[in-house]
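> Sharing a structure below in structure tokens format, with a few things to ask.
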Amino acid sequence: MNFVEELRWRGMLHTMMPGTEELLAKEMVTAYLGIDPTADSLHIGHLCGVMMLRHLQRCGHKPLALIGGATGMIGDPSGKSQERNLLNEETLRHNVECIKKQLSKFLDFESDAENKAELVNNYDWMKDFTFLDFAREIGKHITVNYMMAKESVQKRLNGEARDGLSFTEFTYQLLQGYDFLYLYENKNCKLQLGGSDQWGNITTGSELVRRTNGGEVFALTCPLITKADGGKFGKTESGNVWLDPRYTSPYKFYQFWLNVSDEDAARYIKIFTSIGKEEIEALIAEHAEAPHMRVLQKRLAKEVTIMVHSEADYNAAVEASAILFGGGTSDALKKLDEATLLSVFEGVPQFEISRQALEEGVKAVELFTDHAAVFPSKGEMRKMAQGGGVSLNKEKLAAFDQVITAADLLDNKYLLVQKGKKNYFLLIAK
């Protein structure tokens with residue numbers, strides 16, 4: 001497989017230094033991509049870069065995932081309008097451990113292959129570097145004029161940032177540049193990968209390598225992923241879509257991909273999966289014939305959910321979706337863990353009911369009117385129940401005055417009431 005060709009047809013190639021393609025054709029290349037450890041989980045905004053590393057390894061080259069333990073203590077001005085909070089060493093160490101665990105789902109770190117992935121942390125080579133040594137050995141090679149010309153610096157200096165640009169941030173491109181030099185000298189790394197917003201920092205690194213020891217290194221970036229409507233990719237009303245299930249449940253993660261537009265699905269399935277070109281073209285053609293079947297979205301959501309989480313999580317997310325959108329059985333509902341149940345029914349009306357009343361047993365007609373205002377009147381409740389239009393925990397009520405007890409609770413806490421086909425209510429026993 002040809003790495004550059006692979007990225008090109010997938011829409012994952014933005015800018016490339018001349019000679020990059022020739023280098024990759026000539027030898028097994030070691031390449032690195034930097035990841036900022038500002039949180040203890042990656043989010044889907046990181047995924048394009050991670051997929052670049054994945055394709056690189058599949059094409060026979062060696063990926064280095066560089067965690068910016070040192071640069072994470074400073075903050076990168078690229079694409080930012082203000083200086084970010086600086087992290088302490090303990091937090092960074094925790095974040096690095098968590099990120100490595102996530103990356104191991106995408107990259108082979110463990111095999112005996114010559115191109116097995118490696119995780120490196122720039123804190124390891126920066127922590128003992130004194131300021132004076134850095135200024136003398138590295139700073140003298142790159143002029144302020146060169147650094148000032150970078151677009152990321154210009155934007156911040158020309159009023160886009162409220163507080164201008166701190167010296168701390170100004171040094172960032174030099175520190176990132178030193179990473180490239182260090183990896184070139186110690187790991188024979190000749191290629192840096194990154195997002196297109198990193199081009200300025202990456203070229204500073206290649207310039208530093210050239211000026212210090214005359215070495216020739218290369219760079220390749222992927223485009224910043226956006227939505228077809230121009231909106232920011234990976235942001236929802238509740239914030240980032242995280243890879244860690246503690247922050248974004250597998251169900252919500254699955255739903256994110258399932259709900260992208262047709263246009264976005266056709267782009268994202270190339271970027272965020274390893275499905276081959278012919279199969280993707282066939283899927284796009286199949287989708288065009290019957291867009292309402294959402295073939296692309298379903299396959300995209302399946303591939304990414306299994307890759308990031310697991311097949312079991314994907315199956316659970318599909319079952320959970322079926323419960324909400326009409327299908328789904330009582331057994332499937334009972335299998336949902338509490339977090340998924342709350343994710344699925346987020347936004348449906350909720351009522352608190354008395355656990356003690358349930359211990360004694362309550363008639364449904366009273367529970368759904370007096371205890372929780374699911375129905376405006378007992379008459380309406382009776383009429384709808386007799387017509388088979390009321391369900392409790394996905395089972396139709398046998399009678400309007402059926403007695404409901406604590407034994408009916410899901411997770412020993414919830415009752416799911418369905419009125420008609422689409423109206424759900426969550427009753428919480430307290």
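Residues are named by chain letter and number: chains run A, B, ... in the order of the structure tokens, numbers start at 1 in each chain, and ligands are numbered from 1 in the order shown.
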Write down as a ChimeraX atom specification the residues of region 75-201 of chain A whose backbone DSSP state falls under strand (DSSP E or B).

/A:118-121,189-195

> Near region 170-176 of chain A, counting only C-alpha atoms, which residues have an atom at most 7 Å away, once you skip same-chain residues fewer than 4 positions from it, shown as a list in words?

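My reading of the contact set: Thr71, Asp76, Leu165, Ser166, Phe180, Asn201, Thr204 and Gly205 of chain A.
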
> Quick one: residues within 6 Å of region 393-404 of chain A, only C-alpha atoms counted, chain neighbours fewer than 4 positions away excluded, as a ChimeraX atom specification?

/A:330,361-365,382,385,416

> Of the candidates A:Ser196, A:Thr248, A:Thr203, A:Gln102, which shows the shortest atom-to-atom distance to Ile225 (chain A), using only C-alpha atoms?

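Of the candidates, the smallest distance to Ile225 (chain A) is held by A:Ser196.
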
> With DSSP run on the backbone, what are the alpha helix (DSSP H) residues within region 106-190 of chain A? I'd like them as a PyMOL selection string.

chain A and resi 123-126+131-137+144-148+151-155+167-170+172-187

> Give me the residues within 9 Å of Gly45 (chain A) as JSON, numbers by chain, counting only C-alpha atoms and dropping any in the same chain fewer than 5 places off.

{"A": [224, 225, 233, 234, 235, 240, 241, 242]}

> Taking only C-alpha atoms into account, name the residue in A:Gln57, A:Ser261, A:Thr38, A:Gln154 that is nearest to Asn2 (chain A).

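Distance minimum relative to Asn2 (chain A) lands on A:Gln57.
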
> Taking only C-alpha atoms into account, name the residue in A:Thr212, A:Ser249, A:Asn115, A:Ser152 that is nearest to Ala339 (chain A).

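Of A:Thr212, A:Ser249, A:Asn115, A:Ser152, the one nearest Ala339 (chain A), counting only C-alpha atoms, is A:Ser249.
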
> I want to know what sits within 8 Å of Val50 (chain A), based on only C-alpha atoms, with residues of the same chain fewer than 3 positions away left out; could you give that as an MDAnalysis selection string?

chainID A and resid 46:47 53:54 103 106

> With N, CA and C atoms kept, could you save the residues just selected as a PDB file, in the first residue's frame?


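Wrote selection23.pdb, looks like this:
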```pdb
ATOM      1  N   HIS A  46      -9.307  14.271  17.610  1.00  0.00           N
ATOM      2  CA  HIS A  46      -7.966  13.683  17.458  1.00  0.00           C
ATOM      3  C   HIS A  46      -7.942  12.547  16.424  1.00  0.00           C
ATOM      4  N   LEU A  47      -9.118  12.060  16.062  1.00  0.00           N
ATOM      5  CA  LEU A  47      -9.173  10.796  15.324  1.00  0.00           C
ATOM      6  C   LEU A  47      -8.532  10.842  13.935  1.00  0.00           C
ATOM      7  N   LEU A  53      -1.763   7.810  11.549  1.00  0.00           N
ATOM      8  CA  LEU A  53      -0.757   6.894  12.099  1.00  0.00           C
ATOM      9  C   LEU A  53      -1.125   5.442  11.805  1.00  0.00           C
ATOM     10  N   ARG A  54      -2.412   5.145  11.902  1.00  0.00           N
ATOM     11  CA  ARG A  54      -2.894   3.771  11.648  1.00  0.00           C
ATOM     12  C   ARG A  54      -2.616   3.370  10.191  1.00  0.00           C
ATOM     13  N   LEU A 103      -4.797   4.691  22.458  1.00  0.00           N
ATOM     14  CA  LEU A 103      -4.070   4.552  21.195  1.00  0.00           C
ATOM     15  C   LEU A 103      -3.803   3.093  20.840  1.00  0.00           C
ATOM     16  N   PHE A 106      -5.780   1.407  18.214  1.00  0.00           N
ATOM     17  CA  PHE A 106      -5.589   1.792  16.805  1.00  0.00           C
ATOM     18  C   PHE A 106      -4.252   1.314  16.251  1.00  0.00           C
TER      19      PHE A 106
END
```

> Could you tell me which of A:Tyr247, A:Tyr414, A:Tyr178, A:Phe272 comes closest to Ile202 (chain A) if we count only C-alpha atoms?

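Distance minimum relative to Ile202 (chain A) lands on A:Tyr178.
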
> Compile a residue-level contact table for region 48-75 of chain A against region 184-195 of chain A at a cut-off of 12 Å, reporting for every qualifying residue the shortest atom pair and its distance in Å to one decimal, with only C-alpha atoms counted, rows ordered by chain and ascending number, as CSV.


```
residue,atom,partner,partner_atom,distance
A:Cys48,CA,A:Gly195,CA,8.3
A:Gly49,CA,A:Gly194,CA,6.3
A:Val50,CA,A:Gly194,CA,9.5
A:Met51,CA,A:Leu193,CA,11.1
A:Met52,CA,A:Leu193,CA,7.9
A:Leu53,CA,A:Leu193,CA,8.3
A:Arg54,CA,A:Leu193,CA,11.9
A:His55,CA,A:Leu193,CA,11.9
A:Leu56,CA,A:Leu193,CA,10.1
A:His61,CA,A:Leu191,CA,10.6
A:Lys62,CA,A:Cys189,CA,9.0
A:Pro63,CA,A:Cys189,CA,9.3
A:Leu64,CA,A:Cys189,CA,8.6
A:Ala65,CA,A:Leu193,CA,10.0
A:Leu66,CA,A:Gln192,CA,10.4
```
